[in-house]
Amino acid sequence: MPPQSVTAAPQIAALFAPGAVAYQTRDTISAEALLPEERQFLLKAVPKRIHEFAAGRACARAALSTLGYAEAALLMSAERVPLWPHGATGSITHTDTFCAAVVAPTRQIRALGLDAEPTQSVKPDLWRRICTAQELALLQGQDAQTALAAATLIFSAKEAFYKCQHTLTREWLGFADISVTIGADDFTIQATRSLQITAHSPGPWRGWYRREAGLVITGVCIV
């Protein structure tokens, strides 16, 4: 059984295509929630990392249980990404005070990317590292608070897309490899160079976002 503080998050699942299931927590989850096979990845970890890892596994296990997967260890690959059980895919995200996981059957959704960031956390000194020229021009044309919120959303959208496409390609991307266009509650991702993901899904790619309790949460999926 997952800790009581791990609860269903239908508002996060709604960022994805039908079939996605999400769970979240804002509590500190101890290593006691981990299975023995999972603890091997934390032998030299600091307490913060242990709590993040435990929270992610607790949320993921709760979500997987709704898809019919028995209590099983969620191991980690050499690339330090979760090894989802056969027939399932998923994504985990965490901040200092929040953690969530989303999963889905691969027969409905081939890949998922979930990210959460504290609102207005991406400061101007980072913008040139994460933004294309077009994105930077957008931010520089806005007032300070609006620009901070938009920069954080751009960063989060890219992170969600990176996770999603990596599931299918194992390709690592840079921030300049894609460009984000923001809508009212969605965003569009366009490639700025040739990407391996186009062999699976031609793009451009659409994602969705929501703002809640000091966070911006983004989701991208490929069906």
# chains A, B, ... in the order shown; residues from 1 in each chain; ligands from 1
>>> select_by_dssp(residues="segment 17-210 of chain A", states="helix (DSSP H, G or I)", output="number ranges by chain")
A: 31-33, 36-42, 47-66, 124-130, 133-140, 144-169, 175-177, 196-199
>>> closest_atom_pairs(of="segment 92-206 of chain A", to="segment 54-77 of chain A", cutoff="8 Å", atoms="only C-alpha atoms", output="CSV")
residue,atom,partner,partner_atom,distance
A:Ile92,CA,A:Gly56,CA,6.0
A:Thr93,CA,A:Gly56,CA,7.2
A:His94,CA,A:Gly56,CA,7.3
A:Cys99,CA,A:Gly56,CA,6.2
A:Ala100,CA,A:Cys59,CA,6.0
A:Ala101,CA,A:Ala60,CA,5.1
A:Val102,CA,A:Ala63,CA,6.8
A:Val103,CA,A:Ala63,CA,6.3
A:Ala104,CA,A:Leu67,CA,7.6
A:Pro105,CA,A:Leu67,CA,7.5
>>> closest_atom_pairs(of="segment 62-163 of chain A", to="segment 193-198 of chain A", cutoff="12 Å", atoms="only C-alpha atoms", output="CSV")
residue,atom,partner,partner_atom,distance
A:Arg110,CA,A:Ile197,CA,11.9
A:Ala111,CA,A:Ile197,CA,11.0
A:Phe161,CA,A:Ile197,CA,10.4
A:Tyr162,CA,A:Ile197,CA,10.2
A:Lys163,CA,A:Ile197,CA,11.6
>>> write_last_selection(atoms="C-alpha atoms", output="PDB file, in the first residue's frame")
ATOM      1  CA  ARG A 110       3.755   5.079 -26.149  1.00  0.00           C
ATOM      2  CA  ALA A 111       5.640   7.672 -24.116  1.00  0.00           C
ATOM      3  CA  PHE A 161       9.319  16.858 -23.925  1.00  0.00           C
ATOM      4  CA  TYR A 162      12.884  15.662 -23.297  1.00  0.00           C
ATOM      5  CA  LYS A 163      11.611  12.925 -20.983  1.00  0.00           C
TER       6      LYS A 163
END
>>> residues_around(residues="Ile50 of chain A", least_positions_apart="3", cutoff="12 Å", atoms="only C-alpha atoms", output="list of chain:residue names")
A:Thr28, A:Ile29, A:Ser30, A:Ala31, A:Glu32, A:Ala33, A:Leu34, A:Glu38, A:Arg39, A:Gln40, A:Phe41, A:Leu42, A:Leu43, A:Lys44, A:Ala45, A:Val46, A:Pro47, A:Phe53, A:Ala54, A:Ala55, A:Gly56, A:Arg57
>>> atom_distance(atom1="atom CA of Gln108 of chain A", atom2="atom CA of Pro18 of chain A")
7.6 Å
>>> select_by_dssp(residues="segment 51-172 of chain A", states="strand (DSSP E)", output="ChimeraX atom specification")
/A:88-94,99-105,111-118
>>> residues_around(residues="Ile182 of chain A", least_positions_apart="2", cutoff="9 Å", atoms="only C-alpha atoms", output="list in words")
Ala150, Leu153, Ile154, Val180, Ala184, Asp185, Asp186, Phe187 and Thr188 of chain A
